[in-house]
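Q: Next up, work_13.txt (compact mmCIF, C-alpha atoms).
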# COMPACT_ATOMS: atom_id res chain seq x y z
CA MET A 1 99.16 120.49 27.74
CA ASN A 2 99.59 123.63 29.82
CA GLY A 3 96.08 123.13 31.15
CA LEU A 4 96.97 119.60 32.21
CA ILE A 5 100.11 120.84 33.96
CA PHE A 6 98.02 123.49 35.75
CA ARG A 7 95.46 120.91 36.88
CA LEU A 8 98.22 118.57 38.14
CA SER A 9 99.83 121.45 40.00
CA LYS A 10 96.53 122.18 41.75
CA VAL A 11 96.28 118.51 42.73
CA ARG A 12 99.83 118.55 44.11
CA LEU A 13 99.06 121.73 46.04
CA ALA A 14 95.91 120.20 47.50
CA VAL A 15 97.83 117.07 48.52
CA SER A 16 100.59 119.19 50.05
CA LEU A 17 98.11 121.28 52.02
CA THR A 18 96.35 118.13 53.24
CA SER A 19 99.68 116.65 54.35
CA ILE A 20 100.53 119.81 56.26
CA ALA A 21 97.12 119.76 57.92
CA LEU A 22 97.55 116.12 58.95
CA LEU A 23 101.04 116.82 60.26
CA GLY A 24 99.69 119.76 62.22
CA ALA A 25 96.98 117.58 63.71
CA GLY A 26 99.60 115.08 64.77
CA LEU A 27 101.64 117.78 66.41
CA ALA A 28 98.55 119.12 68.15
CA VAL A 29 98.14 115.93 70.13
CA ALA A 30 101.81 115.21 70.75
CA PRO A 31 102.42 114.69 74.47
CA GLY A 32 103.76 117.79 76.16
CA SER A 33 102.99 120.13 73.29
CA PRO A 34 101.43 123.56 73.94
CA ALA A 35 98.20 122.23 72.43
CA ASP A 36 97.81 120.00 75.51
CA ALA A 37 95.48 122.76 76.75
CA ALA A 38 92.94 121.41 74.24
CA GLY A 39 93.17 117.86 75.66
CA GLU A 40 90.57 116.20 77.86
CA PRO A 41 90.38 117.96 81.25
CA TYR A 42 92.08 116.13 84.13
CA VAL A 43 92.11 117.50 87.69
CA ALA A 44 94.54 116.06 90.25
CA LEU A 45 93.34 116.61 93.81
CA GLY A 46 94.81 115.72 97.18
CA ASP A 47 97.91 115.86 99.32
CA SER A 48 101.68 115.43 99.07
CA TYR A 49 101.41 111.85 97.81
CA SER A 50 99.72 113.26 94.71
CA SER A 51 101.62 116.55 94.41
CA GLY A 52 104.95 114.73 94.13
CA VAL A 53 106.73 115.55 97.38
CA GLY A 54 109.79 113.30 97.43
CA THR A 55 110.74 113.75 93.77
CA ARG A 56 113.06 116.73 94.51
CA SER A 57 111.84 118.81 91.58
CA TYR A 58 108.97 121.31 91.90
CA ILE A 59 107.31 123.94 89.77
CA ASN A 60 107.56 127.59 90.77
CA ASP A 61 103.88 128.37 91.29
CA GLY A 62 104.04 130.81 94.21
CA SER A 63 102.84 128.27 96.78
CA GLY A 64 104.29 125.73 99.18
CA CYS A 65 102.39 122.87 97.52
CA MET A 66 105.52 121.22 96.09
CA ARG A 67 103.97 120.13 92.80
CA SER A 68 106.28 118.12 90.59
CA THR A 69 106.31 117.41 86.87
CA LEU A 70 107.77 114.02 87.90
CA ALA A 71 104.64 113.13 89.90
CA TYR A 72 102.19 110.65 88.46
CA PRO A 73 99.51 113.24 87.54
CA SER A 74 101.99 115.05 85.29
CA LEU A 75 103.29 111.82 83.76
CA VAL A 76 99.82 110.44 83.04
CA ALA A 77 98.70 113.77 81.58
CA ALA A 78 101.78 114.00 79.35
CA ALA A 79 101.41 110.44 78.08
CA LYS A 80 97.72 110.88 77.25
CA SER A 81 97.79 114.55 76.19
CA TYR A 82 95.31 115.47 78.91
CA SER A 83 94.85 119.06 80.00
CA LEU A 84 95.99 118.86 83.63
CA ASN A 85 94.90 121.18 86.40
CA PHE A 86 97.34 120.12 89.13
CA ARG A 87 95.60 121.15 92.35
CA ALA A 88 97.09 118.55 94.73
CA CYS A 89 99.06 120.27 97.49
CA SER A 90 101.48 119.19 100.19
CA GLY A 91 99.85 119.26 103.61
CA ALA A 92 96.29 119.10 102.34
CA VAL A 93 93.60 117.59 104.55
CA VAL A 94 90.02 116.84 103.55
CA ALA A 95 88.93 120.38 104.42
CA ASP A 96 91.67 121.85 102.22
CA VAL A 97 90.57 119.78 99.25
CA THR A 98 87.01 120.97 99.82
CA ASN A 99 87.86 124.63 100.31
CA SER A 100 90.80 125.10 97.94
CA GLN A 101 90.71 122.43 95.25
CA LEU A 102 87.16 121.49 94.29
CA SER A 103 86.62 124.79 92.47
CA ALA A 104 88.79 123.35 89.66
CA LEU A 105 86.10 120.76 88.88
CA SER A 106 83.26 121.26 86.42
CA THR A 107 80.83 119.38 84.24
CA SER A 108 83.53 119.24 81.56
CA THR A 109 86.09 117.54 83.83
CA ARG A 110 86.83 114.13 82.32
CA TYR A 111 89.31 112.63 84.81
CA VAL A 112 89.97 113.09 88.54
CA THR A 113 92.53 111.51 90.86
CA ILE A 114 92.74 112.07 94.59
CA SER A 115 94.74 110.92 97.61
CA VAL A 116 93.76 112.37 100.98
CA GLY A 117 93.32 111.26 104.58
CA GLY A 118 96.88 110.67 105.74
CA ASN A 119 97.31 114.21 107.02
CA ASP A 120 93.89 114.15 108.68
CA ALA A 121 95.10 111.14 110.69
CA GLY A 122 98.29 112.99 111.69
CA PHE A 123 100.74 111.10 109.45
CA ALA A 124 103.68 113.48 110.01
CA ASP A 125 103.22 113.68 113.77
CA VAL A 126 102.95 109.90 114.14
CA ILE A 127 106.13 109.32 112.12
CA THR A 128 107.86 112.00 114.18
CA GLU A 129 106.95 110.23 117.43
CA CYS A 130 107.84 106.75 116.21
CA ALA A 131 111.27 107.86 114.95
CA LEU A 132 112.40 108.45 118.56
CA PRO A 133 114.23 105.75 120.53
CA ALA A 134 111.89 103.35 122.32
CA TRP A 135 112.68 104.85 125.75
CA ALA A 136 111.70 108.30 124.50
CA SER A 137 108.74 107.42 122.29
CA ASP A 138 105.06 106.69 122.68
CA CYS A 139 104.76 105.27 119.19
CA ALA A 140 101.98 102.89 120.17
CA GLY A 141 99.96 105.74 121.67
CA ALA A 142 100.43 107.95 118.61
CA VAL A 143 99.42 105.12 116.29
CA ALA A 144 96.39 104.31 118.43
CA GLY A 145 95.23 107.91 118.17
CA ALA A 146 95.61 107.88 114.40
CA GLN A 147 93.77 104.58 114.06
CA ASN A 148 90.95 105.85 116.25
CA TYR A 149 90.56 108.86 113.94
CA ILE A 150 90.64 106.65 110.83
CA ARG A 151 87.94 104.35 112.22
CA ASN A 152 85.59 106.90 113.75
CA THR A 153 85.95 110.27 112.01
CA LEU A 154 87.57 109.87 108.61
CA PRO A 155 84.85 107.73 106.95
CA ALA A 156 82.19 110.44 107.21
CA SER A 157 84.65 113.14 106.09
CA LEU A 158 85.64 111.14 103.02
CA GLY A 159 82.04 110.28 102.24
CA THR A 160 81.06 113.94 102.23
CA LEU A 161 84.09 114.92 100.15
CA TYR A 162 83.51 112.22 97.55
CA SER A 163 79.87 113.25 97.24
CA ARG A 164 80.96 116.82 96.54
CA ILE A 165 83.44 115.64 93.92
CA ARG A 166 80.71 113.73 92.12
CA THR A 167 78.37 116.72 92.25
CA ALA A 168 81.03 119.10 90.92
CA ALA A 169 82.30 116.70 88.23
CA PRO A 170 79.32 114.48 87.33
CA ASN A 171 80.87 113.24 84.08
CA ALA A 172 84.35 112.43 85.38
CA LYS A 173 86.10 109.12 85.88
CA VAL A 174 87.36 109.35 89.48
CA VAL A 175 90.23 107.27 90.86
CA VAL A 176 91.02 107.33 94.58
CA VAL A 177 94.65 106.50 95.37
CA GLY A 178 95.78 104.86 98.60
CA TYR A 179 99.10 104.91 100.45
CA PRO A 180 102.05 102.47 100.37
CA LYS A 181 103.57 100.82 103.41
CA LEU A 182 106.70 102.74 104.38
CA PHE A 183 108.76 99.90 105.84
CA MET A 184 109.66 96.31 105.15
CA GLY A 185 111.39 95.42 108.42
CA GLU A 186 114.46 97.60 108.62
CA ASP A 187 115.57 101.17 109.31
CA CYS A 188 119.00 101.94 107.88
CA ASN A 189 118.97 105.66 108.70
CA ALA A 190 121.47 106.75 111.35
CA LEU A 191 119.30 109.41 112.99
CA THR A 192 116.00 107.53 113.38
CA TRP A 193 115.14 104.58 115.62
CA PHE A 194 112.12 102.81 114.15
CA SER A 195 111.94 99.37 115.75
CA PRO A 196 110.48 96.38 113.89
CA GLN A 197 107.45 96.68 116.17
CA ASP A 198 107.07 100.38 115.28
CA GLU A 199 107.29 99.57 111.60
CA ALA A 200 104.70 96.82 111.90
CA ILE A 201 102.06 99.03 113.55
CA LEU A 202 102.80 101.89 111.14
CA ASN A 203 102.23 99.51 108.24
CA ASP A 204 99.06 98.23 109.90
CA THR A 205 97.87 101.82 110.02
CA ALA A 206 98.49 102.21 106.29
CA VAL A 207 96.38 99.10 105.69
CA LEU A 208 93.59 100.46 107.89
CA LEU A 209 93.68 103.81 106.11
CA ASN A 210 93.56 102.13 102.72
CA ASN A 211 90.68 99.86 103.71
CA THR A 212 88.71 102.84 105.01
CA THR A 213 89.41 104.87 101.90
CA ALA A 214 88.57 101.99 99.58
CA SER A 215 85.25 101.44 101.32
CA ARG A 216 84.19 105.07 100.96
CA ALA A 217 85.41 105.20 97.36
CA SER A 218 83.34 102.13 96.49
CA ALA A 219 80.27 103.63 98.14
CA ALA A 220 80.71 106.74 95.98
CA GLY A 221 81.06 104.70 92.79
CA PHE A 222 84.72 105.64 92.36
CA SER A 223 87.63 103.39 91.40
CA TYR A 224 90.28 102.74 94.03
CA VAL A 225 93.93 101.71 93.67
CA ASN A 226 96.02 100.30 96.50
CA PRO A 227 99.78 100.82 96.02
CA ILE A 228 100.92 98.40 98.75
CA SER A 229 101.53 95.38 96.52
CA ARG A 230 103.27 97.35 93.80
CA PHE A 231 105.60 99.02 96.32
CA THR A 232 106.49 95.75 98.08
CA GLY A 233 110.25 95.35 97.86
CA HIS A 234 110.71 99.10 97.31
CA ALA A 235 110.14 100.49 100.80
CA VAL A 236 112.48 102.59 102.93
CA CYS A 237 115.96 100.97 102.97
CA ASP A 238 115.10 98.31 100.36
CA ASP A 239 117.69 97.65 97.65
CA VAL A 240 115.70 99.78 95.19
CA GLU A 241 113.90 102.43 97.20
CA TRP A 242 110.73 103.95 95.81
CA ILE A 243 110.10 105.65 99.15
CA ASN A 244 112.60 108.02 100.71
CA GLY A 245 113.82 107.45 104.23
CA LEU A 246 115.21 110.32 106.30
CA SER A 247 116.22 112.87 103.66
CA ASN A 248 117.78 116.26 103.16
CA PRO A 249 115.82 118.47 102.78
CA ILE A 250 113.62 116.98 105.44
CA GLU A 251 110.40 117.56 103.48
CA GLU A 252 111.43 114.78 101.10
CA SER A 253 111.32 112.16 103.87
CA TYR A 254 108.83 109.25 103.82
CA HIS A 255 107.34 110.04 100.43
CA ALA A 256 107.56 108.30 97.08
CA ASN A 257 110.61 109.40 95.09
CA ALA A 258 110.81 109.96 91.33
CA ALA A 259 111.16 106.23 90.65
CA GLY A 260 108.16 105.53 92.86
CA HIS A 261 106.01 107.91 90.85
CA ARG A 262 107.42 106.75 87.52
CA ASP A 263 107.42 102.97 88.00
CA GLY A 264 105.02 102.59 90.91
CA CYS A 265 102.20 105.09 90.80
CA THR A 266 101.96 105.97 87.12
CA PRO A 267 101.12 102.51 85.73
CA LEU A 268 98.99 101.71 88.78
CA VAL A 269 96.82 104.84 88.66
CA SER A 270 96.62 105.15 84.88
CA SER A 271 95.16 101.71 84.35
CA PRO A 272 91.69 102.38 85.85
CA LEU A 273 91.83 106.07 84.93
CA THR A 274 92.55 105.68 81.23
CA GLY A 275 91.79 102.02 80.54
CA ALA A 276 95.42 101.00 80.05
CA ALA A 277 98.60 101.21 82.09
CA VAL A 278 100.85 104.12 81.10
CA THR A 279 104.59 103.57 80.88
CA ALA A 280 106.62 106.64 81.80
CA THR A 281 109.18 106.44 79.01
CA PRO A 282 111.99 109.01 78.73
CA GLY A 283 109.87 110.76 76.11
CA VAL A 284 106.88 110.96 78.43
CA ILE A 285 109.07 112.29 81.25
CA ALA A 286 110.57 114.94 78.96
CA ALA A 287 107.09 115.93 77.79
CA ALA A 288 105.88 116.22 81.39
CA GLU A 289 108.85 118.36 82.39
CA ALA A 290 108.22 120.62 79.39
CA THR A 291 104.77 121.47 80.77
CA GLY A 292 106.25 122.87 84.01
CA PRO A 293 106.19 126.59 83.15
CA ALA A 294 102.64 126.47 81.81
CA GLN A 295 101.44 124.47 84.81
CA ALA A 296 103.16 126.90 87.19
CA ALA A 297 101.39 129.80 85.52
CA LYS A 298 98.05 127.99 85.81
CA GLN A 299 98.54 127.26 89.52
CA ARG A 300 99.60 130.82 90.37
CA LYS A 301 95.97 131.78 89.88
CA TYR A 302 95.18 129.71 92.96
CA ALA A 303 98.17 130.79 95.05
CA ALA A 304 96.12 132.81 97.54
CA LEU A 305 94.01 129.73 98.29
CA ASP A 306 97.00 127.42 98.46
CA ARG A 307 98.88 129.56 100.97
CA HIS A 308 96.25 128.66 103.58
CA ILE A 309 97.31 125.01 103.42
CA GLU A 310 99.75 124.20 106.21
CA PRO A 311 102.62 121.84 105.33
CA LYS A 312 102.79 118.72 107.49
CA VAL A 313 106.48 117.90 107.85
CA PHE A 314 108.22 115.06 109.66
CA GLN A 315 110.53 116.32 112.42
CA PRO A 316 113.56 114.09 112.99
CA PRO A 317 114.96 113.51 116.48
CA THR A 318 117.35 116.30 117.48
CA ARG A 319 120.05 116.25 120.12
CA GLU A 320 118.20 118.97 122.05
CA ARG A 321 114.94 117.03 122.11
CA LEU A 322 116.66 113.79 123.07
CA GLU A 323 118.46 115.53 125.93
CA LYS A 324 115.17 116.85 127.32
CA LEU A 325 113.52 113.46 127.06
CA ALA A 326 116.53 111.73 128.60
CA ASP A 327 116.44 114.11 131.58
CA GLN A 328 112.71 113.42 132.04
CA ARG A 329 113.20 109.65 131.92
CA GLY A 330 116.49 109.37 133.78
CA VAL A 331 118.42 108.06 130.78
CA ASP A 332 122.17 108.62 130.30
CA LEU A 333 121.95 109.83 126.72
CA ASP A 334 125.67 109.73 125.94
CA ALA A 335 125.99 106.20 127.22
CA TRP A 336 122.94 105.12 125.24
CA LEU A 337 124.15 106.78 122.04
CA ALA A 338 127.53 105.07 122.42
CA THR A 339 125.85 101.69 122.03
CA HIS A 340 123.23 102.53 119.42
What is this file in structure tokens?

A:
Amino acid sequence: MNGLIFRLSKVRLAVSLTSIALLGAGLAVAPGSPADAAGEPYVALGDSYSSGVGTRSYINDGSGCMRSTLAYPSLVAAAKSYSLNFRACSGAVVADVTNSQLSALSTSTRYVTISVGGNDAGFADVITECALPAWASDCAGAVAGAQNYIRNTLPASLGTLYSRIRTAAPNAKVVVVGYPKLFMGEDCNALTWFSPQDEAILNDTAVLLNNTTASRASAAGFSYVNPISRFTGHAVCDDVEWINGLSNPIEESYHANAAGHRDGCTPLVSSPLTGAAVTATPGVIAAAEATGPAQAAKQRKYAALDRHIEPKVFQPPTRERLEKLADQRGVDLDAWLATH
């Protein structure tokens, strides 16, 4: 009898140890857990539209890259337990991705996302020009310059960059992410003067940029996602904004906000990247935010590289600038402001 009890006890012990092991395995893959470092490697490349500028919450990584745990790379990584290397950086142009971000790729990299090209075309400078009153602005000229760059210079730059990504990460699924339209016909901000015509040509430029990017992505064998349709009805000044208008601090302006990353970008990008659309539930968001300190520590290793990337920031019209332009154009600024 005692022998039977002893044998049963050993069985119970074995079952208990197995249960603990299974529980531990479950915890090891729980989104946001410290064991995320063992997940499939995911590298997020690109500019402010990938880093999460606009979400108002950034990790302390010793750089000016403005990386957010509320940005879609963090949310996708948390939901899928991927090991994220969050290299996207505010202000990045194609050359910055090449010189400062591609070193994160390797033959073991499983997933890559990238948005880049807007800064190369002078996105911030064009928005800055078009925000001026019509009498003070050469919005059409600024847009024409950007479109000329997108048509004639950007395709080759993107083609070379995408080729380098494939060489550095030959086994990765790569998703190229486009840009949303900023406007849907109105500007409700008191200190900017985008006309409907300005908004239309700015949106046309977003379409041109996306078409150019999509073409080069297809040629490289990469997937491409266009956010324009998903963001329709959620532009600047829409009832539910997913894109910030003029904001304080100014760096937040004209970028997707937390809702835009959560409800717009995350399901859109995750579908081709992972095979199914990710929903950023409160649990996923909490798991992503919990990874902030570890991600900050990881990115501090690259801080010296990242400090060479120059932020590209929209500059709103100021009284001083308007006065100078009014003097040059013979405009009575006070009288004009009184009626606008």

Q: At a cut-off of 12 Å, can you tabulate as a tab-separated table every residue of stretch 131-179 of chain A near stretch 256-274 of chain A together with its closest atom pair and the distance in Å to one decimal, using all atoms listed in the file and ordering rows by chain then number?

A:
residue	atom	partner	partner_atom	distance
A:Ala172	CA	A:Leu273	CA	9.8
A:Lys173	CA	A:Leu273	CA	6.6
A:Val174	CA	A:Leu273	CA	7.2
A:Val175	CA	A:Leu273	CA	6.3
A:Val176	CA	A:Val269	CA	8.7
A:Val177	CA	A:Val269	CA	7.2
A:Gly178	CA	A:Val269	CA	10.0
A:Tyr179	CA	A:Ala256	CA	9.7

Q: For those residues, write C-alpha atoms to a file as a PDB file, in the frame of the given file.

A:
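Once everything was written out, this is result.pdb:
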ATOM      1  CA  ALA A 172      84.350 112.430  85.380  1.00  0.00           C
ATOM      2  CA  LYS A 173      86.100 109.120  85.880  1.00  0.00           C
ATOM      3  CA  VAL A 174      87.360 109.350  89.480  1.00  0.00           C
ATOM      4  CA  VAL A 175      90.230 107.270  90.860  1.00  0.00           C
ATOM      5  CA  VAL A 176      91.020 107.330  94.580  1.00  0.00           C
ATOM      6  CA  VAL A 177      94.650 106.500  95.370  1.00  0.00           C
ATOM      7  CA  GLY A 178      95.780 104.860  98.600  1.00  0.00           C
ATOM      8  CA  TYR A 179      99.100 104.910 100.450  1.00  0.00           C
TER       9      TYR A 179
END

Q: Calculate, to one decimal in Å, the centre and edge lengths of the box along x, y and z of the file that holds all listed atoms of stretch 108-114 of chain A with 8 Å of margin on each side, and present them as JSON.

A:
{"center_x": 88.1, "center_y": 115.4, "center_z": 88.1, "size_x": 25.2, "size_y": 23.7, "size_z": 29.0}

Q: Figure out the distance between atom CA of A:Asp96 and atom CA of A:Glu310, please, to one decimal in Å.

A: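 Going from atom CA of A:Glu310 over to atom CA of A:Asp96, I get 9.3 Å.
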
Q: Tell me, counting only C-alpha atoms, for each residue of stretch 273-321 of chain A within 12 Å of stretch 129-152 of chain A, which pair of atoms is nearest and how far apart they are in Å to one decimal, in rows ordered by chain and increasing number, as a Markdown table.

A:
| residue | atom | partner | partner_atom | distance |
| --- | --- | --- | --- | --- |
| A:Phe314 | CA | A:Glu129 | CA | 9.2 |
| A:Gln315 | CA | A:Glu129 | CA | 8.7 |
| A:Pro316 | CA | A:Ala131 | CA | 6.9 |
| A:Pro317 | CA | A:Leu132 | CA | 6.0 |
| A:Thr318 | CA | A:Leu132 | CA | 9.3 |
| A:Arg319 | CA | A:Leu132 | CA | 11.0 |
| A:Arg321 | CA | A:Ala136 | CA | 9.6 |

Q: Residues within 9 Å of stretch 63-74 of chain A, please, as a ChimeraX atom specification. Count only C-alpha atoms; anything in the same chain fewer than 6 positions from it doesn't count.

A: /A:42-44,47-53,55-57,84,86-92,113,257-262,264-267,269-270,280,285,288-292,295-296,299-300,302-304,306-307,309-311

Q: With distances taken over all atoms listed in the file, which residue among A:Val278, A:Val236, A:Leu154, A:Leu246 lies nearest A:Ala190?

A: A:Leu246

Q: When distances are computed from only C-alpha atoms, which of A:Leu105, A:Gly283, A:Trp336, A:Gly275 shows the smallest separation from A:Leu75?

A: A:Gly283

Q: Give me the residues near A:Met184 as a PyMOL selection string, where near means some atom within 9 Å (using only C-alpha atoms) and where sequence neighbours in that chain fewer than 5 positions away do not count.

A: chain A and resi 196+199-200+203+232-238

Q: Please dump the current selection as a PDB file, in the frame of the given file; keep C-alpha atoms.

A:
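File written: again.pdb
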ATOM      1  CA  PRO A 196     110.480  96.380 113.890  1.00  0.00           C
ATOM      2  CA  GLU A 199     107.290  99.570 111.600  1.00  0.00           C
ATOM      3  CA  ALA A 200     104.700  96.820 111.900  1.00  0.00           C
ATOM      4  CA  ASN A 203     102.230  99.510 108.240  1.00  0.00           C
ATOM      5  CA  THR A 232     106.490  95.750  98.080  1.00  0.00           C
ATOM      6  CA  GLY A 233     110.250  95.350  97.860  1.00  0.00           C
ATOM      7  CA  HIS A 234     110.710  99.100  97.310  1.00  0.00           C
ATOM      8  CA  ALA A 235     110.140 100.490 100.800  1.00  0.00           C
ATOM      9  CA  VAL A 236     112.480 102.590 102.930  1.00  0.00           C
ATOM     10  CA  CYS A 237     115.960 100.970 102.970  1.00  0.00           C
ATOM     11  CA  ASP A 238     115.100  98.310 100.360  1.00  0.00           C
TER      12      ASP A 238
END

Q: Would you please work out which residue, of A:Ala169, A:Ala77, A:Ile201, A:Val116, is nearest to A:Gly185 when using only C-alpha atoms?

A: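 Among A:Ala169, A:Ala77, A:Ile201, A:Val116, it is A:Ile201 that comes nearest to A:Gly185.
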
Q: I'd like the interatomic distance between atom CA of A:Ser106 and atom CA of A:Gly159, to a tenth of an Å.

A: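 Value for the atom CA of A:Ser106-atom CA of A:Gly159 distance: 19.3 Å.
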
Q: Which is closer to A:Asn189 than all the others in A:Tyr111, A:Tyr254, A:Phe123, A:Phe222, using only C-alpha atoms?

A: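 Closest to A:Asn189, using only C-alpha atoms: A:Tyr254.
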
Q: Please, what distance in Å, to one decimal, runs between atom CA of A:Pro170 and atom CA of A:Gly118?

A: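 We find that atom CA of A:Pro170 and atom CA of A:Gly118 lie 25.7 Å from each other.
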
Q: A:Glu186, A:Asp239, A:Glu251, A:Asp204: which is nearest A:Ala124, counting only C-alpha atoms?

A: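 The shortest atom-to-atom distance to A:Ala124 comes from A:Glu251.
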
Q: If we count only C-alpha atoms, what is near A:Pro180 at a cut-off of 8 Å, once residues fewer than 2 positions away on the same chain are taken out, given as a list in words?

A: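 In the requested form, the answer reads Gly178, Leu182, Ala206, Asn226, Pro227, Ile228 and Phe231 of chain A.
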
Q: Would you fill out stretch 294-312 of chain A with N, CA, C and O atoms and return it as a PDB file, keeping the file's coordinate frame?

A:
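So the final result, stored in result-v1.pdb, reads:
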ATOM      1  N   ALA A 294     104.061 126.214  82.037  1.00  0.00           N
ATOM      2  CA  ALA A 294     102.640 126.470  81.810  1.00  0.00           C
ATOM      3  C   ALA A 294     101.810 126.053  83.019  1.00  0.00           C
ATOM      4  O   ALA A 294     100.856 126.741  83.412  1.00  0.00           O
ATOM      5  N   GLN A 295     102.173 124.920  83.635  1.00  0.00           N
ATOM      6  CA  GLN A 295     101.440 124.470  84.810  1.00  0.00           C
ATOM      7  C   GLN A 295     101.658 125.423  85.992  1.00  0.00           C
ATOM      8  O   GLN A 295     100.725 125.719  86.756  1.00  0.00           O
ATOM      9  N   ALA A 296     102.886 125.926  86.133  1.00  0.00           N
ATOM     10  CA  ALA A 296     103.160 126.900  87.190  1.00  0.00           C
ATOM     11  C   ALA A 296     102.314 128.145  87.023  1.00  0.00           C
ATOM     12  O   ALA A 296     101.741 128.670  87.990  1.00  0.00           O
ATOM     13  N   ALA A 297     102.211 128.618  85.787  1.00  0.00           N
ATOM     14  CA  ALA A 297     101.390 129.800  85.520  1.00  0.00           C
ATOM     15  C   ALA A 297      99.926 129.531  85.848  1.00  0.00           C
ATOM     16  O   ALA A 297      99.233 130.379  86.412  1.00  0.00           O
ATOM     17  N   LYS A 298      99.447 128.341  85.512  1.00  0.00           N
ATOM     18  CA  LYS A 298      98.050 127.990  85.810  1.00  0.00           C
ATOM     19  C   LYS A 298      97.807 127.966  87.313  1.00  0.00           C
ATOM     20  O   LYS A 298      96.787 128.463  87.793  1.00  0.00           O
ATOM     21  N   GLN A 299      98.748 127.404  88.076  1.00  0.00           N
ATOM     22  CA  GLN A 299      98.540 127.260  89.520  1.00  0.00           C
ATOM     23  C   GLN A 299      98.732 128.574  90.282  1.00  0.00           C
ATOM     24  O   GLN A 299      98.206 128.719  91.392  1.00  0.00           O
ATOM     25  N   ARG A 300      99.450 129.521  89.690  1.00  0.00           N
ATOM     26  CA  ARG A 300      99.600 130.820  90.370  1.00  0.00           C
ATOM     27  C   ARG A 300      98.261 131.521  90.557  1.00  0.00           C
ATOM     28  O   ARG A 300      98.100 132.327  91.469  1.00  0.00           O
ATOM     29  N   LYS A 301      97.295 131.185  89.738  1.00  0.00           N
ATOM     30  CA  LYS A 301      95.970 131.780  89.880  1.00  0.00           C
ATOM     31  C   LYS A 301      95.299 131.355  91.189  1.00  0.00           C
ATOM     32  O   LYS A 301      94.399 132.029  91.684  1.00  0.00           O
ATOM     33  N   TYR A 302      95.750 130.226  91.714  1.00  0.00           N
ATOM     34  CA  TYR A 302      95.180 129.710  92.960  1.00  0.00           C
ATOM     35  C   TYR A 302      96.071 129.947  94.173  1.00  0.00           C
ATOM     36  O   TYR A 302      95.778 129.447  95.259  1.00  0.00           O
ATOM     37  N   ALA A 303      97.161 130.697  93.995  1.00  0.00           N
ATOM     38  CA  ALA A 303      98.170 130.790  95.050  1.00  0.00           C
ATOM     39  C   ALA A 303      97.606 131.317  96.361  1.00  0.00           C
ATOM     40  O   ALA A 303      97.994 130.862  97.445  1.00  0.00           O
ATOM     41  N   ALA A 304      96.689 132.257  96.297  1.00  0.00           N
ATOM     42  CA  ALA A 304      96.120 132.810  97.540  1.00  0.00           C
ATOM     43  C   ALA A 304      95.377 131.734  98.317  1.00  0.00           C
ATOM     44  O   ALA A 304      95.438 131.697  99.554  1.00  0.00           O
ATOM     45  N   LEU A 305      94.679 130.841  97.632  1.00  0.00           N
ATOM     46  CA  LEU A 305      94.010 129.730  98.290  1.00  0.00           C
ATOM     47  C   LEU A 305      95.026 128.745  98.861  1.00  0.00           C
ATOM     48  O   LEU A 305      94.909 128.285 100.002  1.00  0.00           O
ATOM     49  N   ASP A 306      96.036 128.433  98.076  1.00  0.00           N
ATOM     50  CA  ASP A 306      97.000 127.420  98.460  1.00  0.00           C
ATOM     51  C   ASP A 306      97.840 127.822  99.671  1.00  0.00           C
ATOM     52  O   ASP A 306      98.291 126.965 100.432  1.00  0.00           O
ATOM     53  N   ARG A 307      98.052 129.117  99.844  1.00  0.00           N
ATOM     54  CA  ARG A 307      98.880 129.560 100.970  1.00  0.00           C
ATOM     55  C   ARG A 307      98.227 129.291 102.315  1.00  0.00           C
ATOM     56  O   ARG A 307      98.889 129.350 103.353  1.00  0.00           O
ATOM     57  N   HIS A 308      96.939 128.982 102.323  1.00  0.00           N
ATOM     58  CA  HIS A 308      96.250 128.660 103.580  1.00  0.00           C
ATOM     59  C   HIS A 308      96.483 127.210 103.993  1.00  0.00           C
ATOM     60  O   HIS A 308      96.127 126.824 105.106  1.00  0.00           O
ATOM     61  N   ILE A 309      97.071 126.411 103.113  1.00  0.00           N
ATOM     62  CA  ILE A 309      97.310 125.010 103.420  1.00  0.00           C
ATOM     63  C   ILE A 309      98.633 124.883 104.181  1.00  0.00           C
ATOM     64  O   ILE A 309      99.676 125.329 103.703  1.00  0.00           O
ATOM     65  N   GLU A 310      98.572 124.287 105.332  1.00  0.00           N
ATOM     66  CA  GLU A 310      99.750 124.200 106.210  1.00  0.00           C
ATOM     67  C   GLU A 310     100.540 122.933 105.903  1.00  0.00           C
ATOM     68  O   GLU A 310      99.988 121.824 105.979  1.00  0.00           O
ATOM     69  N   PRO A 311     101.816 123.054 105.562  1.00  0.00           N
ATOM     70  CA  PRO A 311     102.620 121.840 105.330  1.00  0.00           C
ATOM     71  C   PRO A 311     102.692 120.985 106.582  1.00  0.00           C
ATOM     72  O   PRO A 311     102.733 121.489 107.703  1.00  0.00           O
ATOM     73  N   LYS A 312     102.667 119.669 106.390  1.00  0.00           N
ATOM     74  CA  LYS A 312     102.790 118.720 107.490  1.00  0.00           C
ATOM     75  C   LYS A 312     104.130 118.002 107.297  1.00  0.00           C
ATOM     76  O   LYS A 312     104.261 117.151 106.412  1.00  0.00           O
TER      77      LYS A 312
END
